[in-house]
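Chemist: Handing over work-v8.pdb, PDB, C-alpha atoms.
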```pdb
ATOM      1  CA  MET A   5      67.159 -65.701-109.692
ATOM      2  CA  LYS A   6      67.022 -67.375-106.317
ATOM      3  CA  PRO A   7      65.673 -65.288-103.414
ATOM      4  CA  ASP A   8      69.064 -65.336-101.655
ATOM      5  CA  GLU A   9      70.600 -63.672-104.741
ATOM      6  CA  LEU A  10      68.303 -60.645-104.464
ATOM      7  CA  PHE A  11      68.375 -57.578-102.246
ATOM      8  CA  ARG A  12      65.088 -55.900-101.268
ATOM      9  CA  SER A  13      64.842 -52.339-100.024
ATOM     10  CA  VAL A  14      62.041 -49.854 -99.432
ATOM     11  CA  PRO A  15      63.524 -46.419-100.174
ATOM     12  CA  THR A  16      61.590 -43.616 -98.490
ATOM     13  CA  ASN A  17      63.026 -40.818-100.624
ATOM     14  CA  ILE A  18      65.040 -40.163-103.772
ATOM     15  CA  HIS A  19      68.349 -40.171-101.883
ATOM     16  CA  GLU A  20      67.743 -43.671-100.514
ATOM     17  CA  LEU A  21      66.705 -44.813-103.993
ATOM     18  CA  ARG A  22      69.979 -43.552-105.472
ATOM     19  CA  LEU A  23      71.947 -45.302-102.713
ATOM     20  CA  ALA A  24      70.130 -48.580-103.446
ATOM     21  CA  LEU A  25      71.002 -48.239-107.149
ATOM     22  CA  ALA A  26      74.625 -47.189-106.594
ATOM     23  CA  GLY A  27      77.078 -49.406-108.440
ATOM     24  CA  LEU A  28      74.534 -50.898-110.831
ATOM     25  CA  PRO A  29      75.114 -50.433-114.578
ATOM     26  CA  THR A  30      73.295 -47.360-115.866
ATOM     27  CA  ASP A  31      71.851 -49.361-118.763
ATOM     28  CA  MET A  32      70.409 -52.110-116.511
ATOM     29  CA  LYS A  33      66.724 -52.640-117.255
ATOM     30  CA  ILE A  34      63.892 -51.740-114.877
ATOM     31  CA  LYS A  35      60.717 -53.819-114.568
ATOM     32  CA  ALA A  36      58.003 -51.984-112.669
ATOM     33  CA  HIS A  37      54.498 -53.200-111.917
ATOM     34  CA  PRO A  38      51.964 -50.884-113.614
ATOM     35  CA  GLU A  39      50.346 -49.820-110.311
ATOM     36  CA  THR A  40      53.645 -48.318-109.059
ATOM     37  CA  GLY A  41      53.526 -45.318-111.383
ATOM     38  CA  VAL A  42      57.162 -45.873-112.350
ATOM     39  CA  PHE A  43      57.692 -45.771-116.103
ATOM     40  CA  GLU A  44      61.476 -45.473-116.372
ATOM     41  CA  LYS A  45      63.161 -48.293-118.297
ATOM     42  CA  THR A  46      66.818 -48.086-117.139
ATOM     43  CA  VAL A  47      68.747 -47.417-113.927
ATOM     44  CA  ASP A  48      70.026 -44.166-115.461
ATOM     45  CA  GLU A  49      66.469 -42.939-116.090
ATOM     46  CA  LEU A  50      65.411 -43.971-112.585
ATOM     47  CA  CYS A  51      68.317 -42.072-110.992
ATOM     48  CA  ALA A  52      67.281 -38.965-112.938
ATOM     49  CA  ARG A  53      63.966 -38.790-111.040
ATOM     50  CA  THR A  54      63.547 -35.927-108.599
ATOM     51  CA  THR A  55      60.973 -37.595-106.326
ATOM     52  CA  TRP A  56      60.223 -41.103-105.109
ATOM     53  CA  PRO A  57      56.775 -42.242-103.929
ATOM     54  CA  PRO A  58      56.620 -44.000-100.551
ATOM     55  CA  GLY A  59      55.651 -47.656-100.225
ATOM     56  CA  LEU A  60      57.523 -49.070-103.220
ATOM     57  CA  VAL A  61      59.853 -52.055-102.947
ATOM     58  CA  LEU A  62      63.052 -52.126-104.967
ATOM     59  CA  THR A  63      64.506 -55.570-105.689
ATOM     60  CA  THR A  64      68.055 -55.565-107.027
ATOM     61  CA  PRO A  65      70.461 -58.413-107.795
ATOM     62  CA  ARG A  66      73.361 -59.021-105.396
ATOM     63  CA  LYS A  67      75.463 -60.357-108.275
ATOM     64  CA  LEU A  68      75.232 -59.037-111.800
ATOM     65  CA  HIS A  69      74.297 -61.336-114.661
ATOM     66  CA  PRO A  70      73.752 -60.368-118.315
ATOM     67  CA  LYS A  71      69.970 -60.534-117.878
ATOM     68  CA  SER A  72      69.795 -58.918-114.423
ATOM     69  CA  VAL A  73      66.970 -56.441-113.859
ATOM     70  CA  VAL A  74      65.768 -54.143-111.099
ATOM     71  CA  LYS A  75      62.176 -54.868-110.092
ATOM     72  CA  ILE A  76      59.806 -52.344-108.540
ATOM     73  CA  SER A  77      56.561 -53.326-106.829
ATOM     74  CA  LYS A  78      54.165 -52.050-104.187
ATOM     75  CA  ALA A  79      54.988 -52.927-100.577
ATOM     76  CA  THR A  80      52.560 -55.406 -99.044
TER
END
```
I'd like the structure from this file rewritten - as structure tokens, please.

Modeler:
Amino acid sequence: MKPDELFRSVPTNIHELRLALAGLPTDMKIKAHPETGVFEKTVDELCARTTWPPGLVLTTPRKLHPKSVVKISKAT
């Protein structure tokens, strides 16, 4: 996807994470860098978390496509 088609956020807690994921399909795939400590594979699994570590960047698509994914990486 082009950079202008993506939305980046840095949730500081689980509530901000859930807001960033609101409206996305629950079965949308998650791709997390190994160093993030996030092992969930779908949006539904990610929303089920009870805590969220600080310093992680969430990249979500602005428009949904069949192969859209949510990416999680460490903030730089």

Chemist: Report as a PyMOL selection string the residues that result from applying the PyMOL selection byres ((chain A and resi 35) around 12) to the structure here.

Modeler: chain A and resi 32-34+36-47+50+61-64+71-77

Chemist: Run the PyMOL selection byres ((chain A and resi 13) around 12) on the file and write out the hits as a PDB file with C-alpha atoms, in the coordinates of the input.

Modeler:
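The result, written out as result.pdb:
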```pdb
ATOM      1  CA  LEU A  10      68.303 -60.645-104.464  1.00  0.00           C
ATOM      2  CA  PHE A  11      68.375 -57.578-102.246  1.00  0.00           C
ATOM      3  CA  ARG A  12      65.088 -55.900-101.268  1.00  0.00           C
ATOM      4  CA  VAL A  14      62.041 -49.854 -99.432  1.00  0.00           C
ATOM      5  CA  PRO A  15      63.524 -46.419-100.174  1.00  0.00           C
ATOM      6  CA  THR A  16      61.590 -43.616 -98.490  1.00  0.00           C
ATOM      7  CA  ASN A  17      63.026 -40.818-100.624  1.00  0.00           C
ATOM      8  CA  GLU A  20      67.743 -43.671-100.514  1.00  0.00           C
ATOM      9  CA  LEU A  21      66.705 -44.813-103.993  1.00  0.00           C
ATOM     10  CA  ARG A  22      69.979 -43.552-105.472  1.00  0.00           C
ATOM     11  CA  LEU A  23      71.947 -45.302-102.713  1.00  0.00           C
ATOM     12  CA  ALA A  24      70.130 -48.580-103.446  1.00  0.00           C
ATOM     13  CA  LEU A  25      71.002 -48.239-107.149  1.00  0.00           C
ATOM     14  CA  PRO A  58      56.620 -44.000-100.551  1.00  0.00           C
ATOM     15  CA  GLY A  59      55.651 -47.656-100.225  1.00  0.00           C
ATOM     16  CA  LEU A  60      57.523 -49.070-103.220  1.00  0.00           C
ATOM     17  CA  VAL A  61      59.853 -52.055-102.947  1.00  0.00           C
ATOM     18  CA  LEU A  62      63.052 -52.126-104.967  1.00  0.00           C
ATOM     19  CA  THR A  63      64.506 -55.570-105.689  1.00  0.00           C
ATOM     20  CA  THR A  64      68.055 -55.565-107.027  1.00  0.00           C
ATOM     21  CA  PRO A  65      70.461 -58.413-107.795  1.00  0.00           C
ATOM     22  CA  VAL A  74      65.768 -54.143-111.099  1.00  0.00           C
ATOM     23  CA  LYS A  75      62.176 -54.868-110.092  1.00  0.00           C
ATOM     24  CA  ILE A  76      59.806 -52.344-108.540  1.00  0.00           C
ATOM     25  CA  SER A  77      56.561 -53.326-106.829  1.00  0.00           C
ATOM     26  CA  LYS A  78      54.165 -52.050-104.187  1.00  0.00           C
ATOM     27  CA  ALA A  79      54.988 -52.927-100.577  1.00  0.00           C
TER      28      ALA A  79
END
```

Chemist: Kindly provide, as JSON, the centre and edge lengths (Å, one decimal) of an axis-aligned box around all atoms of range 38-44 of chain A given in the file, with 6 Å on each side.

Modeler:
```
{"center_x": 55.9, "center_y": -48.1, "center_z": -112.7, "size_x": 23.1, "size_y": 17.6, "size_z": 19.3}
```

Chemist: Could you tell me how far CA of Thr54 in chain A lies from CA of Lys67 in chain A, in Å and to one decimal?

Modeler: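 Between these atoms lies a distance of 27.2 Å.
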
Chemist: Quick one: distance from CA of Pro29 in chain A to CA of Arg66 in chain A in Å, one decimal?

Modeler: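 Going from CA of Pro29 in chain A over to CA of Arg66 in chain A, I get 12.7 Å.
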
Chemist: Got a moment to write chain A out with C-alpha atoms, as an mmCIF file, in the first residue's frame?

Modeler:
```cif
data_model
loop_
_atom_site.group_PDB
_atom_site.id
_atom_site.type_symbol
_atom_site.label_atom_id
_atom_site.label_comp_id
_atom_site.auth_asym_id
_atom_site.auth_seq_id
_atom_site.Cartn_x
_atom_site.Cartn_y
_atom_site.Cartn_z
ATOM 1 C CA MET A 5 0.000 0.000 0.000
ATOM 2 C CA LYS A 6 1.067 3.577 -0.528
ATOM 3 C CA PRO A 7 2.026 5.566 2.590
ATOM 4 C CA ASP A 8 -0.936 7.934 2.130
ATOM 5 C CA GLU A 9 -3.281 4.917 2.352
ATOM 6 C CA LEU A 10 -2.045 3.996 5.836
ATOM 7 C CA PHE A 11 -2.816 5.388 9.271
ATOM 8 C CA ARG A 12 -0.136 5.254 11.987
ATOM 9 C CA SER A 13 -0.881 5.539 15.682
ATOM 10 C CA VAL A 14 1.039 4.945 18.896
ATOM 11 C CA PRO A 15 -1.533 3.723 21.434
ATOM 12 C CA THR A 16 -0.398 4.266 25.018
ATOM 13 C CA ASN A 17 -2.892 1.863 26.583
ATOM 14 C CA ILE A 18 -5.376 -0.877 25.731
ATOM 15 C CA HIS A 19 -8.258 1.589 25.367
ATOM 16 C CA GLU A 20 -6.414 3.600 22.711
ATOM 17 C CA LEU A 21 -5.497 0.356 20.945
ATOM 18 C CA ARG A 22 -9.154 -0.687 20.786
ATOM 19 C CA LEU A 23 -10.119 2.748 19.438
ATOM 20 C CA ALA A 24 -7.460 2.464 16.711
ATOM 21 C CA LEU A 25 -8.836 -0.959 15.721
ATOM 22 C CA ALA A 26 -12.510 0.051 15.860
ATOM 23 C CA GLY A 27 -14.339 -0.680 12.626
ATOM 24 C CA LEU A 28 -11.763 -3.111 11.260
ATOM 25 C CA PRO A 29 -12.909 -6.665 10.451
ATOM 26 C CA THR A 30 -12.326 -8.987 13.397
ATOM 27 C CA ASP A 31 -10.684 -11.554 11.119
ATOM 28 C CA MET A 32 -8.185 -9.053 9.635
ATOM 29 C CA LYS A 33 -4.640 -10.379 9.936
ATOM 30 C CA ILE A 34 -1.973 -8.906 12.218
ATOM 31 C CA LYS A 35 1.710 -8.760 11.261
ATOM 32 C CA ALA A 36 3.912 -7.940 14.231
ATOM 33 C CA HIS A 37 7.685 -7.646 14.284
ATOM 34 C CA PRO A 38 9.131 -10.320 16.611
ATOM 35 C CA GLU A 39 10.716 -7.763 18.979
ATOM 36 C CA THR A 40 7.287 -6.263 19.821
ATOM 37 C CA GLY A 41 6.168 -9.208 21.939
ATOM 38 C CA VAL A 42 2.807 -9.261 20.163
ATOM 39 C CA PHE A 43 1.822 -12.744 19.032
ATOM 40 C CA GLU A 44 -1.865 -12.305 18.200
ATOM 41 C CA LYS A 45 -2.790 -13.122 14.598
ATOM 42 C CA THR A 46 -6.157 -11.333 14.126
ATOM 43 C CA VAL A 47 -7.795 -8.050 15.140
ATOM 44 C CA ASP A 48 -10.212 -10.021 17.336
ATOM 45 C CA GLU A 49 -7.330 -11.630 19.249
ATOM 46 C CA LEU A 50 -5.585 -8.269 19.598
ATOM 47 C CA CYS A 51 -8.727 -6.620 21.010
ATOM 48 C CA ALA A 52 -8.972 -9.417 23.584
ATOM 49 C CA ARG A 53 -5.679 -8.324 25.193
ATOM 50 C CA THR A 54 -5.896 -6.772 28.638
ATOM 51 C CA THR A 55 -2.671 -4.735 28.460
ATOM 52 C CA TRP A 56 -0.707 -2.896 25.793
ATOM 53 C CA PRO A 57 3.039 -2.202 26.025
ATOM 54 C CA PRO A 58 4.150 1.394 25.425
ATOM 55 C CA GLY A 59 6.259 2.378 22.425
ATOM 56 C CA LEU A 60 4.584 0.247 19.755
ATOM 57 C CA VAL A 61 3.369 1.687 16.459
ATOM 58 C CA LEU A 62 0.138 0.432 14.942
ATOM 59 C CA THR A 63 -0.227 0.858 11.176
ATOM 60 C CA THR A 64 -3.729 0.303 9.831
ATOM 61 C CA PRO A 65 -5.185 0.737 6.340
ATOM 62 C CA ARG A 66 -7.431 3.746 5.684
ATOM 63 C CA LYS A 67 -9.334 1.754 3.057
ATOM 64 C CA LEU A 68 -9.960 -1.956 3.317
ATOM 65 C CA HIS A 69 -8.699 -4.316 0.637
ATOM 66 C CA PRO A 70 -8.934 -8.128 0.623
ATOM 67 C CA LYS A 71 -5.270 -8.437 1.625
ATOM 68 C CA SER A 72 -5.200 -5.574 4.151
ATOM 69 C CA VAL A 73 -3.258 -6.199 7.356
ATOM 70 C CA VAL A 74 -2.521 -4.366 10.587
ATOM 71 C CA LYS A 75 1.210 -3.963 11.189
ATOM 72 C CA ILE A 76 2.828 -3.568 14.598
ATOM 73 C CA SER A 77 6.399 -2.364 15.071
ATOM 74 C CA LYS A 78 8.569 -0.642 17.654
ATOM 75 C CA ALA A 79 8.509 3.162 17.664
ATOM 76 C CA THR A 80 11.764 4.718 16.489
#
```
